[in-house]
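Inspection log for the structure reproduced underneath, given as structure tokens.
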Amino acid sequence: MSLDGIPLHVLVIHLAVVLAPLTCCVTLAWATVPRWRPPLQAPLVVGAVGSFVAVWAAYYTGPDYWLQPQFKHASRAAIRLFEEHKRDARLLLWSASGLALAIALALERPEGQTGAILRWVAASTALVT
């Protein structure tokens, strides 16, 4: 798949590698500084949804990118690197999904002890991601 001749994987992977760490930083700030929660809520939602979609899109467009003609005669070392890259992508896929879920739960129950626990879970997930 491509967009105006540029492989879609190249476009969405750049979105994912910018948006996912930025979302992690916003999550940490939102979870740890109470007075920042109201102004960071909208960027947190946009970041969580955007990074979730970007990471999943990057994961599913990766194999199409590998099938392009320039990779037809790839060396064994390149194939090993691709497999390693795919394994790392799978880890990011699940950690970004967990982060989006943790943020959604924390935003759903913002008050009391449950809210504090869910903010801690969201912050911990952000650190892992």
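Identifiers in this document derive from the order of the structure tokens: chains are assigned A, B, ..., residues are numbered from 1 separately in each chain, and ligands are numbered from 1 in order of occurrence.
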**OP:** Could you please write out, as a PyMOL selection string, every residue of chain A that DSSP assigns to strand (DSSP E or B)?
**Re:** chain A and resi 2-3+6-7
Rows by chain and residue number, stretch 55-101 of chain A within 9 Å of stretch 18-42 of chain A, shortest pair, only C-alpha atoms, as a Markdown table:
| residue | atom | partner | partner_atom | distance |
| --- | --- | --- | --- | --- |
| A:Val55 | CA | A:Ala20 | CA | 7.9 |
| A:Ala96 | CA | A:Ala20 | CA | 7.2 |
| A:Leu99 | CA | A:Cys24 | CA | 8.2 |
**OP:** Grab the atom CA of A:Tyr65 to atom CA of A:Leu93 distance for me, in Å with one decimal place.
**Re:** 17.4 Å
**OP:** Give the alpha helix (DSSP H) residues of stretch 62-128 of chain A, as assigned by DSSP on the backbone, as a count of residues only.
**Re:** 55
Original post:
Which value, in Å to one decimal, gives the distance between atom CA of A:Phe52 and atom CA of A:Leu15?
Top reply: 10.6 Å
Original post:
Quick one: residues within 9 Å of A:Val45, only C-alpha atoms counted, chain neighbours fewer than 6 positions away excluded, as a VMD selection string?
Top reply: chain A and resid 23 100 103 to 104 107
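With only C-alpha atoms as the basis for measurement, A:Ala126 is the residue among A:Gln70, A:Tyr59, A:Ala126, A:Gly112 that approaches A:Gly47 most closely.
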Original post:
Mind pulling up the distance from atom CA of A:Val12 to atom CA of A:Ala57?
Top reply: 6.5 Å
**OP:** Tell me which protein, DNA and RNA residues are within 10 Å of A:Leu105, counting only C-alpha atoms, leaving out same-chain ones fewer than 3 positions away, and put them as a list in words.
**Re:** Leu99, Ala100, Leu101, Ala102, Glu108, Arg109, Pro110, Thr114, Gly115, Leu118, Arg119, Val121 and Ala122 of chain A
Serialized selection, N, CA and C atoms, as a CSV table (one decimal), in the first residue's frame:
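Okay, this is what ended up in result34.csv:
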chain,number,residue,atom,x,y,z
A,99,LEU,N,-1.4,0.8,27.0
A,99,LEU,CA,-1.4,2.2,27.4
A,99,LEU,C,-2.8,2.9,27.1
A,100,ALA,N,-3.3,2.6,25.9
A,100,ALA,CA,-4.6,3.2,25.5
A,100,ALA,C,-5.7,2.7,26.4
A,101,LEU,N,-5.7,1.5,26.8
A,101,LEU,CA,-6.7,0.9,27.7
A,101,LEU,C,-6.5,1.5,29.1
A,102,ALA,N,-5.3,1.6,29.6
A,102,ALA,CA,-5.1,2.2,30.9
A,102,ALA,C,-5.5,3.6,31.0
A,108,GLU,N,-12.1,7.2,32.8
A,108,GLU,CA,-13.4,6.8,33.2
A,108,GLU,C,-13.7,7.0,34.6
A,109,ARG,N,-12.7,6.7,35.5
A,109,ARG,CA,-12.9,6.7,36.9
A,109,ARG,C,-11.8,7.7,37.5
A,110,PRO,N,-12.0,9.0,37.4
A,110,PRO,CA,-10.9,9.9,37.8
A,110,PRO,C,-10.8,10.2,39.3
A,114,THR,N,-9.9,4.5,43.5
A,114,THR,CA,-9.9,3.8,42.2
A,114,THR,C,-9.2,4.6,41.2
A,115,GLY,N,-9.5,5.9,41.1
A,115,GLY,CA,-8.9,6.9,40.2
A,115,GLY,C,-7.3,6.9,40.4
A,118,LEU,N,-5.8,3.7,39.1
A,118,LEU,CA,-5.8,3.7,37.6
A,118,LEU,C,-4.8,4.7,37.0
A,119,ARG,N,-4.6,5.8,37.7
A,119,ARG,CA,-3.6,6.8,37.2
A,119,ARG,C,-2.2,6.2,37.4
A,121,VAL,N,-1.5,3.0,37.3
A,121,VAL,CA,-1.4,1.9,36.3
A,121,VAL,C,-1.1,2.6,34.9
A,122,ALA,N,-1.8,3.7,34.6
A,122,ALA,CA,-1.5,4.4,33.3
A,122,ALA,C,-0.1,4.9,33.3
For stretch 78-91 of chain A, list every protein, DNA or RNA residue within 10 Å, evaluated using only C-alpha atoms, and leave out those in the same chain fewer than 5 positions away; present the list as a CSV table (one decimal) with C-alpha atoms, in the first residue's frame.
chain,number,residue,atom,x,y,z
A,55,VAL,CA,1.1,1.7,16.0
A,56,TRP,CA,-1.5,-0.8,14.7
A,58,ALA,CA,2.4,0.5,11.2
A,59,TYR,CA,2.3,-3.1,12.4
A,60,TYR,CA,-0.1,-4.2,9.7
A,62,GLY,CA,5.0,-3.6,7.6
A,63,PRO,CA,4.7,-6.9,5.8
A,66,TRP,CA,8.8,-5.9,3.0
A,71,PHE,CA,13.7,-6.4,-0.9
A,73,HIS,CA,17.0,-10.5,-2.9
A,96,ALA,CA,0.6,0.8,23.1
A,97,SER,CA,-2.7,-1.1,23.3
A,129,THR,CA,5.9,1.6,26.7
